[in-house]
Amino acid sequence: MLKLSNETKVGILTVLGITLLVLGFNVLKGKSLFSRNKTIYAVYKQVNGLQPSNAVQVNGLVVGSVSELNVKDNDPSQILVTIILTKKIDIPRNSVARISSDLLGVKTVQMELGNATEYLKSGDTIYAATVDGSMTDALKEQISPLVKKLEGTLSNIDSVLLAVNGILDTTAKGNLQETMRNLNTTMRHFSNTSASLSSLMDPQKGSVHATFSNLAAVTGNIKNNNEKISGILDNAKKTTDALANGNLDKTLLQFQQTVTNLNATIAKLNTTDGTAGLMLNDKKVYNNLQNSLGNLNKLLEDLRVNPKRYVHFSLFGKKDKTKPLPSDTAAVQQ
């Protein structure tokens with residue numbers, strides 16, 4: 001039996017370890033060791049966190065994985081991604097390799113197949129490569145307009161508050177406080193009014209209930225006396241019929257003639273025709289009548305004061321002195 005030295009054993013183990021290490025590294029990178037794979041390349045401006053061993057999918061089916069990511073021609077704006085296709089599929093040349101991510105942030109390369117009749121071969125490069133925005137980018141795109149609107153709104157609110165602060169000086173604040181106190185007083189009055197209204201609407205003791213009860217009683221009385229009311233209306237109808245069928249026209253004609261005669265009499269009184277017209281309209285007749293009444297008053301006064309002037313009755317024949325009239329005396333004193 002061949003004996004191996006310890007140095008030989010260590011060398012063999014070292015070679016086996018290095019081989020297993022290389023094979024395991026390639027397996028972790030998604031490379032198949034025993035199948036014939038197709039290698040294609042994609043060029044991106046930025047890979048958005050894409051890492052080796054990330055899956056490559058076509059219509060949701062995993063067809064390969066990302067092998068390497070390198071800078072092309074020392075230009076950081078061009079990143080060359082090496083893609084290993086483990087499944088035997090034909091990819092049209094106008095296909096698009098799109099980098100996308102799921103909700104957990106896991107990156108994948110989605111192959112969107114084109115409609116070309118020529119297909120990519122191993123070693124070809126896809127230049128139609130795009131990157132979908134991440135959820136953070138999408139949120140930023142959605143939030144950015146809202147942030148701008150919020151900034152504008154806050155600016156407007158700040159302007160309004162400054163304007164309100166300028167308006168509400170010490171006097172205005174005092175007026176506002178007085179208004180609030182008046183409002184509180186009004187609300188208390190409203191509460192009292194509401195309580196009064198509730199008491200009025202009380203179904204047991206409220207005035208409204210009593211009013212409706214009285215109204216019901218009145219309507220009940222009208223209903224009970226319906227026959228009497230009908231009789232009264234019938235009598236009124238008979239009376240009006242009797243007036244309509246009677247001598248109402250003749251009575252009205254006589255009344256009209258009476259009014260005509262009265263107007264004629266009044267017209268005569270307004271003229272100087274007749275004694276009454278002269279007395280009412282002639283000033284001389286009025287003055288003569290006034291003088292005659294004055295003289296008659298004097299005669300009656302003289303008869304009262306000096307009755308012996310008109311009736312002589314004396315036992316001794318003594319002649320009394322004539323007394324002046326009080327009216328004449330008063331005229332002299334004036």
# chains A, B, ... in the order shown; residues from 1 in each chain; ligands from 1

$ select_by_dssp --residues "region 70-243 of chain A" --states "helix (DSSP H, G or I)" --output "number ranges by chain"
A: 135-167, 170-200, 207-224, 226-243

$ select_by_dssp --residues "region 31-257 of chain A" --states "strand (DSSP E or B)" --output "count of residues only"
53

$ residues_around --residues "Ala129 (chain A)" --least-positions-apart "5" --cutoff "9 Å" --atoms "only C-alpha atoms" --output "count of residues only"
9

$ atom_distance --atom1 "CA of Gln46 (chain A)" --atom2 "CA of Val22 (chain A)"
29.0 Å

$ residues_around --residues "region 68-80 of chain A" --least-positions-apart "6" --cutoff "12 Å" --atoms "only C-alpha atoms" --output "PDB file with N, CA and C atoms, in the first residue's frame"
ATOM      1  N   ASN A  26     -19.369  29.974  -6.759  1.00  0.00           N
ATOM      2  CA  ASN A  26     -20.116  30.078  -8.013  1.00  0.00           C
ATOM      3  C   ASN A  26     -21.581  29.680  -7.837  1.00  0.00           C
ATOM      4  N   LYS A  29     -23.393  32.436  -6.357  1.00  0.00           N
ATOM      5  CA  LYS A  29     -23.596  33.497  -7.331  1.00  0.00           C
ATOM      6  C   LYS A  29     -24.637  33.122  -8.373  1.00  0.00           C
ATOM      7  N   GLY A  30     -25.192  31.915  -8.293  1.00  0.00           N
ATOM      8  CA  GLY A  30     -26.244  31.523  -9.210  1.00  0.00           C
ATOM      9  C   GLY A  30     -25.737  30.841 -10.451  1.00  0.00           C
ATOM     10  N   LYS A  31     -24.463  30.467 -10.491  1.00  0.00           N
ATOM     11  CA  LYS A  31     -23.915  29.798 -11.653  1.00  0.00           C
ATOM     12  C   LYS A  31     -24.128  28.306 -11.540  1.00  0.00           C
ATOM     13  N   THR A  39     -24.995  33.607 -21.354  1.00  0.00           N
ATOM     14  CA  THR A  39     -24.594  34.838 -20.657  1.00  0.00           C
ATOM     15  C   THR A  39     -24.898  36.033 -21.552  1.00  0.00           C
ATOM     16  N   ILE A  40     -25.646  36.990 -21.022  1.00  0.00           N
ATOM     17  CA  ILE A  40     -25.928  38.231 -21.733  1.00  0.00           C
ATOM     18  C   ILE A  40     -25.604  39.392 -20.794  1.00  0.00           C
ATOM     19  N   TYR A  41     -25.532  40.580 -21.373  1.00  0.00           N
ATOM     20  CA  TYR A  41     -25.139  41.752 -20.604  1.00  0.00           C
ATOM     21  C   TYR A  41     -26.203  42.849 -20.770  1.00  0.00           C
ATOM     22  N   ALA A  42     -26.281  43.677 -19.743  1.00  0.00           N
ATOM     23  CA  ALA A  42     -27.177  44.844 -19.763  1.00  0.00           C
ATOM     24  C   ALA A  42     -26.433  46.028 -19.193  1.00  0.00           C
ATOM     25  N   VAL A  43     -26.632  47.196 -19.800  1.00  0.00           N
ATOM     26  CA  VAL A  43     -25.934  48.409 -19.388  1.00  0.00           C
ATOM     27  C   VAL A  43     -26.962  49.360 -18.767  1.00  0.00           C
ATOM     28  N   TYR A  44     -26.657  49.837 -17.548  1.00  0.00           N
ATOM     29  CA  TYR A  44     -27.545  50.740 -16.819  1.00  0.00           C
ATOM     30  C   TYR A  44     -26.777  51.993 -16.415  1.00  0.00           C
ATOM     31  N   LYS A  45     -27.534  53.077 -16.251  1.00  0.00           N
ATOM     32  CA  LYS A  45     -26.930  54.280 -15.683  1.00  0.00           C
ATOM     33  C   LYS A  45     -26.839  54.182 -14.172  1.00  0.00           C
ATOM     34  N   GLN A  46     -27.759  53.497 -13.572  1.00  0.00           N
ATOM     35  CA  GLN A  46     -27.709  53.213 -12.134  1.00  0.00           C
ATOM     36  C   GLN A  46     -28.553  51.977 -11.873  1.00  0.00           C
ATOM     37  N   VAL A  47     -28.118  51.172 -10.912  1.00  0.00           N
ATOM     38  CA  VAL A  47     -28.709  49.844 -10.699  1.00  0.00           C
ATOM     39  C   VAL A  47     -29.631  49.806  -9.491  1.00  0.00           C
ATOM     40  N   ASN A  48     -29.723  50.913  -8.740  1.00  0.00           N
ATOM     41  CA  ASN A  48     -30.714  51.029  -7.665  1.00  0.00           C
ATOM     42  C   ASN A  48     -30.599  49.898  -6.631  1.00  0.00           C
ATOM     43  N   GLY A  49     -29.344  49.546  -6.285  1.00  0.00           N
ATOM     44  CA  GLY A  49     -29.131  48.535  -5.231  1.00  0.00           C
ATOM     45  C   GLY A  49     -29.162  47.105  -5.712  1.00  0.00           C
ATOM     46  N   LEU A  50     -29.081  46.863  -7.030  1.00  0.00           N
ATOM     47  CA  LEU A  50     -29.063  45.492  -7.553  1.00  0.00           C
ATOM     48  C   LEU A  50     -27.779  44.794  -7.094  1.00  0.00           C
ATOM     49  N   GLN A  51     -27.899  43.528  -6.678  1.00  0.00           N
ATOM     50  CA  GLN A  51     -26.781  42.754  -6.174  1.00  0.00           C
ATOM     51  C   GLN A  51     -26.638  41.458  -6.963  1.00  0.00           C
ATOM     52  N   PRO A  52     -25.397  40.869  -6.976  1.00  0.00           N
ATOM     53  CA  PRO A  52     -25.225  39.549  -7.589  1.00  0.00           C
ATOM     54  C   PRO A  52     -26.141  38.523  -6.925  1.00  0.00           C
ATOM     55  N   SER A  53     -26.536  37.552  -7.702  1.00  0.00           N
ATOM     56  CA  SER A  53     -27.456  36.465  -7.309  1.00  0.00           C
ATOM     57  C   SER A  53     -28.911  36.899  -7.275  1.00  0.00           C
ATOM     58  N   ASN A  54     -29.220  38.176  -7.572  1.00  0.00           N
ATOM     59  CA  ASN A  54     -30.625  38.571  -7.702  1.00  0.00           C
ATOM     60  C   ASN A  54     -31.239  37.881  -8.913  1.00  0.00           C
ATOM     61  N   ASP A 124     -24.195  38.671 -26.065  1.00  0.00           N
ATOM     62  CA  ASP A 124     -24.798  39.900 -26.563  1.00  0.00           C
ATOM     63  C   ASP A 124     -25.171  40.831 -25.403  1.00  0.00           C
ATOM     64  N   THR A 125     -25.401  42.115 -25.747  1.00  0.00           N
ATOM     65  CA  THR A 125     -25.698  43.148 -24.747  1.00  0.00           C
ATOM     66  C   THR A 125     -27.063  43.762 -25.033  1.00  0.00           C
ATOM     67  N   ILE A 126     -27.825  43.914 -23.957  1.00  0.00           N
ATOM     68  CA  ILE A 126     -29.113  44.618 -24.044  1.00  0.00           C
ATOM     69  C   ILE A 126     -28.882  46.071 -23.636  1.00  0.00           C
ATOM     70  N   TYR A 127     -29.122  46.978 -24.582  1.00  0.00           N
ATOM     71  CA  TYR A 127     -28.950  48.397 -24.273  1.00  0.00           C
ATOM     72  C   TYR A 127     -30.262  49.055 -23.837  1.00  0.00           C
ATOM     73  N   ALA A 129     -32.215  49.095 -21.279  1.00  0.00           N
ATOM     74  CA  ALA A 129     -32.274  48.725 -19.858  1.00  0.00           C
ATOM     75  C   ALA A 129     -32.789  49.920 -19.072  1.00  0.00           C
ATOM     76  N   THR A 130     -33.776  49.683 -18.257  1.00  0.00           N
ATOM     77  CA  THR A 130     -34.370  50.747 -17.441  1.00  0.00           C
ATOM     78  C   THR A 130     -34.446  50.312 -15.991  1.00  0.00           C
TER      79      THR A 130
END

$ atom_distance --atom1 "CA of Leu183 (chain A)" --atom2 "CA of Ala163 (chain A)"
24.8 Å

$ decode --residues "region 192-204 of chain A" --atoms "all heavy atoms" --output "PDB file, in the first residue's frame"
ATOM      1  N   ASN A 192     -83.877  80.315  29.160  1.00  0.00           N
ATOM      2  CA  ASN A 192     -85.086  80.625  29.921  1.00  0.00           C
ATOM      3  C   ASN A 192     -86.332  80.582  29.030  1.00  0.00           C
ATOM      4  O   ASN A 192     -87.387  80.075  29.424  1.00  0.00           O
ATOM      5  CB  ASN A 192     -84.951  82.006  30.561  1.00  0.00           C
ATOM      6  CG  ASN A 192     -83.841  82.060  31.594  1.00  0.00           C
ATOM      7  OD1 ASN A 192     -83.532  81.040  32.226  1.00  0.00           O
ATOM      8  ND2 ASN A 192     -83.219  83.214  31.764  1.00  0.00           N
ATOM      9  N   THR A 193     -86.170  81.113  27.815  1.00  0.00           N
ATOM     10  CA  THR A 193     -87.297  81.077  26.876  1.00  0.00           C
ATOM     11  C   THR A 193     -87.679  79.649  26.523  1.00  0.00           C
ATOM     12  O   THR A 193     -88.861  79.295  26.421  1.00  0.00           O
ATOM     13  CB  THR A 193     -86.926  81.858  25.602  1.00  0.00           C
ATOM     14  OG1 THR A 193     -86.560  83.192  25.960  1.00  0.00           O
ATOM     15  CG2 THR A 193     -88.091  81.894  24.631  1.00  0.00           C
ATOM     16  N   SER A 194     -86.642  78.816  26.352  1.00  0.00           N
ATOM     17  CA  SER A 194     -86.913  77.413  26.041  1.00  0.00           C
ATOM     18  C   SER A 194     -87.639  76.726  27.190  1.00  0.00           C
ATOM     19  O   SER A 194     -88.563  75.936  26.976  1.00  0.00           O
ATOM     20  CB  SER A 194     -85.597  76.696  25.732  1.00  0.00           C
ATOM     21  OG  SER A 194     -85.820  75.331  25.468  1.00  0.00           O
ATOM     22  N   ALA A 195     -87.227  77.073  28.429  1.00  0.00           N
ATOM     23  CA  ALA A 195     -87.921  76.486  29.580  1.00  0.00           C
ATOM     24  C   ALA A 195     -89.375  76.954  29.638  1.00  0.00           C
ATOM     25  O   ALA A 195     -90.287  76.154  29.912  1.00  0.00           O
ATOM     26  CB  ALA A 195     -87.181  76.867  30.865  1.00  0.00           C
ATOM     27  N   SER A 196     -89.596  78.255  29.354  1.00  0.00           N
ATOM     28  CA  SER A 196     -90.973  78.760  29.351  1.00  0.00           C
ATOM     29  C   SER A 196     -91.798  78.084  28.271  1.00  0.00           C
ATOM     30  O   SER A 196     -92.964  77.716  28.484  1.00  0.00           O
ATOM     31  CB  SER A 196     -90.964  80.277  29.137  1.00  0.00           C
ATOM     32  OG  SER A 196     -90.234  80.925  30.170  1.00  0.00           O
ATOM     33  N   LEU A 197     -91.179  77.914  27.105  1.00  0.00           N
ATOM     34  CA  LEU A 197     -91.884  77.244  26.020  1.00  0.00           C
ATOM     35  C   LEU A 197     -92.210  75.799  26.390  1.00  0.00           C
ATOM     36  O   LEU A 197     -93.285  75.292  26.055  1.00  0.00           O
ATOM     37  CB  LEU A 197     -91.036  77.300  24.752  1.00  0.00           C
ATOM     38  CG  LEU A 197     -91.660  76.717  23.480  1.00  0.00           C
ATOM     39  CD1 LEU A 197     -92.933  77.476  23.131  1.00  0.00           C
ATOM     40  CD2 LEU A 197     -90.682  76.773  22.322  1.00  0.00           C
ATOM     41  N   SER A 198     -91.286  75.154  27.073  1.00  0.00           N
ATOM     42  CA  SER A 198     -91.548  73.774  27.501  1.00  0.00           C
ATOM     43  C   SER A 198     -92.712  73.721  28.477  1.00  0.00           C
ATOM     44  O   SER A 198     -93.554  72.807  28.423  1.00  0.00           O
ATOM     45  CB  SER A 198     -90.282  73.182  28.134  1.00  0.00           C
ATOM     46  OG  SER A 198     -89.220  73.126  27.204  1.00  0.00           O
ATOM     47  N   SER A 199     -92.754  74.719  29.388  1.00  0.00           N
ATOM     48  CA  SER A 199     -93.880  74.740  30.328  1.00  0.00           C
ATOM     49  C   SER A 199     -95.203  75.007  29.609  1.00  0.00           C
ATOM     50  O   SER A 199     -96.240  74.469  29.971  1.00  0.00           O
ATOM     51  CB  SER A 199     -93.640  75.812  31.391  1.00  0.00           C
ATOM     52  OG  SER A 199     -93.571  77.099  30.804  1.00  0.00           O
ATOM     53  N   LEU A 200     -95.147  75.850  28.561  1.00  0.00           N
ATOM     54  CA  LEU A 200     -96.367  76.093  27.790  1.00  0.00           C
ATOM     55  C   LEU A 200     -96.824  74.847  27.055  1.00  0.00           C
ATOM     56  O   LEU A 200     -98.022  74.594  26.909  1.00  0.00           O
ATOM     57  CB  LEU A 200     -96.136  77.234  26.793  1.00  0.00           C
ATOM     58  CG  LEU A 200     -95.978  78.644  27.369  1.00  0.00           C
ATOM     59  CD1 LEU A 200     -95.639  79.623  26.261  1.00  0.00           C
ATOM     60  CD2 LEU A 200     -97.250  79.083  28.086  1.00  0.00           C
ATOM     61  N   MET A 201     -95.854  74.067  26.588  1.00  0.00           N
ATOM     62  CA  MET A 201     -96.180  72.871  25.834  1.00  0.00           C
ATOM     63  C   MET A 201     -96.406  71.647  26.719  1.00  0.00           C
ATOM     64  O   MET A 201     -96.563  70.532  26.198  1.00  0.00           O
ATOM     65  CB  MET A 201     -95.036  72.568  24.847  1.00  0.00           C
ATOM     66  CG  MET A 201     -94.801  73.644  23.796  1.00  0.00           C
ATOM     67  SD  MET A 201     -96.213  73.911  22.718  1.00  0.00           S
ATOM     68  CE  MET A 201     -96.236  72.352  21.842  1.00  0.00           C
ATOM     69  N   ASP A 202     -96.413  71.837  28.043  1.00  0.00           N
ATOM     70  CA  ASP A 202     -96.623  70.713  28.950  1.00  0.00           C
ATOM     71  C   ASP A 202     -97.988  70.093  28.660  1.00  0.00           C
ATOM     72  O   ASP A 202     -99.020  70.776  28.681  1.00  0.00           O
ATOM     73  CB  ASP A 202     -96.581  71.209  30.400  1.00  0.00           C
ATOM     74  CG  ASP A 202     -96.579  70.057  31.391  1.00  0.00           C
ATOM     75  OD1 ASP A 202     -96.609  68.892  30.943  1.00  0.00           O
ATOM     76  OD2 ASP A 202     -96.573  70.310  32.607  1.00  0.00           O
ATOM     77  N   PRO A 203     -98.030  68.780  28.387  1.00  0.00           N
ATOM     78  CA  PRO A 203     -99.317  68.157  28.041  1.00  0.00           C
ATOM     79  C   PRO A 203    -100.301  68.096  29.190  1.00  0.00           C
ATOM     80  O   PRO A 203    -101.486  67.820  28.980  1.00  0.00           O
ATOM     81  CB  PRO A 203     -98.911  66.751  27.574  1.00  0.00           C
ATOM     82  CG  PRO A 203     -97.595  66.495  28.211  1.00  0.00           C
ATOM     83  CD  PRO A 203     -96.918  67.822  28.322  1.00  0.00           C
ATOM     84  N   GLN A 204     -99.844  68.343  30.418  1.00  0.00           N
ATOM     85  CA  GLN A 204    -100.736  68.257  31.570  1.00  0.00           C
ATOM     86  C   GLN A 204    -101.221  69.637  32.012  1.00  0.00           C
ATOM     87  O   GLN A 204    -102.406  69.854  32.218  1.00  0.00           O
ATOM     88  CB  GLN A 204    -100.009  67.552  32.732  1.00  0.00           C
ATOM     89  CG  GLN A 204     -99.584  66.129  32.401  1.00  0.00           C
ATOM     90  CD  GLN A 204    -100.775  65.221  32.138  1.00  0.00           C
ATOM     91  OE1 GLN A 204    -101.857  65.433  32.694  1.00  0.00           O
ATOM     92  NE2 GLN A 204    -100.569  64.211  31.288  1.00  0.00           N
TER      93      GLN A 204
END
